[in-house]
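Structure file input_2.pdb; described as PDB, C-alpha atoms and all ligand atoms.
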MODEL        1
ATOM      1  CA  MET A 961      -4.657   4.416  45.004
ATOM      2  CA  GLY A 962      -4.364   1.195  43.116
ATOM      3  CA  ASP A 963      -5.809  -1.224  45.556
ATOM      4  CA  LYS A 964      -5.567  -4.707  44.148
ATOM      5  CA  LEU A 965      -8.800  -5.939  45.641
ATOM      6  CA  LEU A 966      -9.453  -8.727  43.234
ATOM      7  CA  GLN A 967     -12.443 -10.841  43.999
ATOM      8  CA  HIS A 968     -11.362 -13.827  45.945
ATOM      9  CA  LYS A 969     -12.568 -16.318  48.480
ATOM     10  CA  HIS A 970     -10.806 -18.262  51.128
ATOM     11  CA  CYS A 971     -10.102 -21.941  50.914
ATOM     12  CA  ARG A 972     -12.704 -23.769  52.964
ATOM     13  CA  ASN A 973     -10.062 -26.006  54.408
ATOM     14  CA  CYS A 974      -6.953 -23.945  55.101
ATOM     15  CA  GLY A 975      -8.251 -20.377  54.683
ATOM     16  CA  LYS A 976      -5.796 -19.384  51.986
ATOM     17  CA  ALA A 977      -7.048 -16.848  49.432
ATOM     18  CA  VAL A 978      -8.282 -18.646  46.352
ATOM     19  CA  ASN A 979      -9.924 -17.790  43.070
ATOM     20  CA  ILE A 980     -13.608 -16.902  43.367
ATOM     21  CA  ASP A 981     -14.459 -19.948  41.279
ATOM     22  CA  ASP A 982     -12.597 -22.394  43.480
ATOM     23  CA  PRO A 983     -13.824 -23.257  46.947
ATOM     24  CA  TYR A 984     -10.464 -24.899  47.706
ATOM     25  CA  CYS A 985      -6.855 -24.030  46.915
ATOM     26  CA  ASN A 986      -6.101 -27.561  45.742
ATOM     27  CA  ASP A 987      -7.522 -31.066  45.508
ATOM     28  CA  ARG A 988      -5.933 -32.156  48.746
ATOM     29  CA  CYS A 989      -7.721 -29.431  50.682
ATOM     30  CA  LYS A 990     -10.950 -30.482  48.985
ATOM     31  CA  ASP A 991     -10.475 -34.077  50.064
ATOM     32  CA  GLU A 992      -9.459 -33.069  53.567
ATOM     33  CA  HIS A 993     -12.457 -30.795  53.962
ATOM     34  CA  HIS A 994     -14.836 -33.464  52.696
ATOM     35  CA  ALA A 995     -13.363 -35.974  55.109
ATOM     36  CA  MET A 996     -13.761 -33.457  57.919
ATOM     37  CA  LEU A 997     -17.402 -32.812  57.013
ATOM     38  CA  LYS A 998     -18.037 -36.544  56.968
ATOM     39  CA  ARG A 999     -16.515 -36.917  60.427
ATOM     40  CA  LYS A1000     -18.588 -34.010  61.724
ATOM     41  CA  ARG A1001     -21.757 -35.524  60.253
ATOM     42  CA  ASN A1002     -20.991 -38.865  61.830
ATOM     43  CA  GLN A1003     -20.454 -37.144  65.167
ATOM     44  CA  LEU A1004     -23.813 -35.425  64.780
ATOM     45  CA  TYR A1005     -25.532 -38.709  64.040
ATOM     46  CA  MET A1006     -23.920 -40.283  67.063
ATOM     47  CA  LEU A1007     -25.023 -37.415  69.264
ATOM     48  CA  MET A1008     -28.551 -37.682  67.917
ATOM     49  CA  ALA A1009     -28.622 -41.422  68.490
ATOM     50  CA  LEU A1010     -27.331 -40.882  72.004
ATOM     51  CA  ALA A1011     -29.965 -38.220  72.727
ATOM     52  CA  MET A1012     -32.689 -40.462  71.364
ATOM     53  CA  GLY A1013     -31.431 -43.352  73.447
ATOM     54  CA  LEU A1014     -31.431 -41.203  76.560
ATOM     55  CA  MET A1015     -34.940 -39.999  75.774
ATOM     56  CA  LEU A1016     -36.115 -43.559  75.346
ATOM     57  CA  VAL A1017     -34.583 -44.638  78.621
ATOM     58  CA  THR A1018     -36.122 -41.643  80.363
ATOM     59  CA  LEU A1019     -39.514 -42.444  78.890
ATOM     60  CA  LEU A1020     -39.268 -46.090  79.845
ATOM     61  CA  LEU A1021     -38.162 -45.315  83.384
ATOM     62  CA  GLY A1022     -40.666 -42.482  83.781
ATOM     63  CA  GLY A1023     -43.578 -44.540  82.494
ATOM     64  CA  GLY A1024     -42.893 -47.531  84.714
ATOM     65  CA  GLY A1025     -43.985 -45.943  87.980
TER      66      GLY A1025
HETATM   67 ZN    ZN B   1      -6.498 -24.985  51.139
ENDMDL
END

Could you take the file, read its structure, and then write that structure out as structure tokens?
Ligand SMILES: [Zn+2]
Amino acid sequence: MGDKLLQHKHCRNCGKAVNIDDPYCNDRCKDEHHAMLKRKRNQLYMLMALAMGLMLVTLLLGGGG
């Protein structure tokens, strides 16, 4: 049985099988994935800022009584 199970990974952006040394199948996928990570990180920061703002408001309202 000659299984051709060469070592490979999947492109982090599109999921295509790529060489074990390459995280992405091409430069465009790399750029796209980086842009996506950036967006996700920004979303996380916004969520954190929102949560902190809510906490602050809660503290201020709760401490005023
Ligand atoms: Zn790709």

Practice problem: Identify the residues around (-6.8, -23.8, 44.5) within a radius of 12 Å, measuring from only C-alpha atoms in the coordinates stated by the file, and give them as a PyMOL selection string. | Solution: chain A and resi 968-990

Self-check item: Straight-line distance linking CA of Thr1018 (chain A) with CA of Gln1003 (chain A), stated in Å to one decimal
Solution: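 Interatomic distance here is 22.3 Å.
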
Self-check item: Nearest residue to ligand ZN 1 (chain B) from the set A:Leu1004, A:Gln967, A:Leu1019, A:His993 (distances using only C-alpha atoms and all ligand atoms)
Solution: A:His993

Take every atom of region 1014-1025 of chain A listed in the file, fit an axis-aligned box around them, add 5 Å per side, and give the centre and edge lengths in Å to one decimal as AutoDock Vina command-line options.
--center_x -37.7 --center_y -43.8 --center_z 81.7 --size_x 22.6 --size_y 17.5 --size_z 22.6
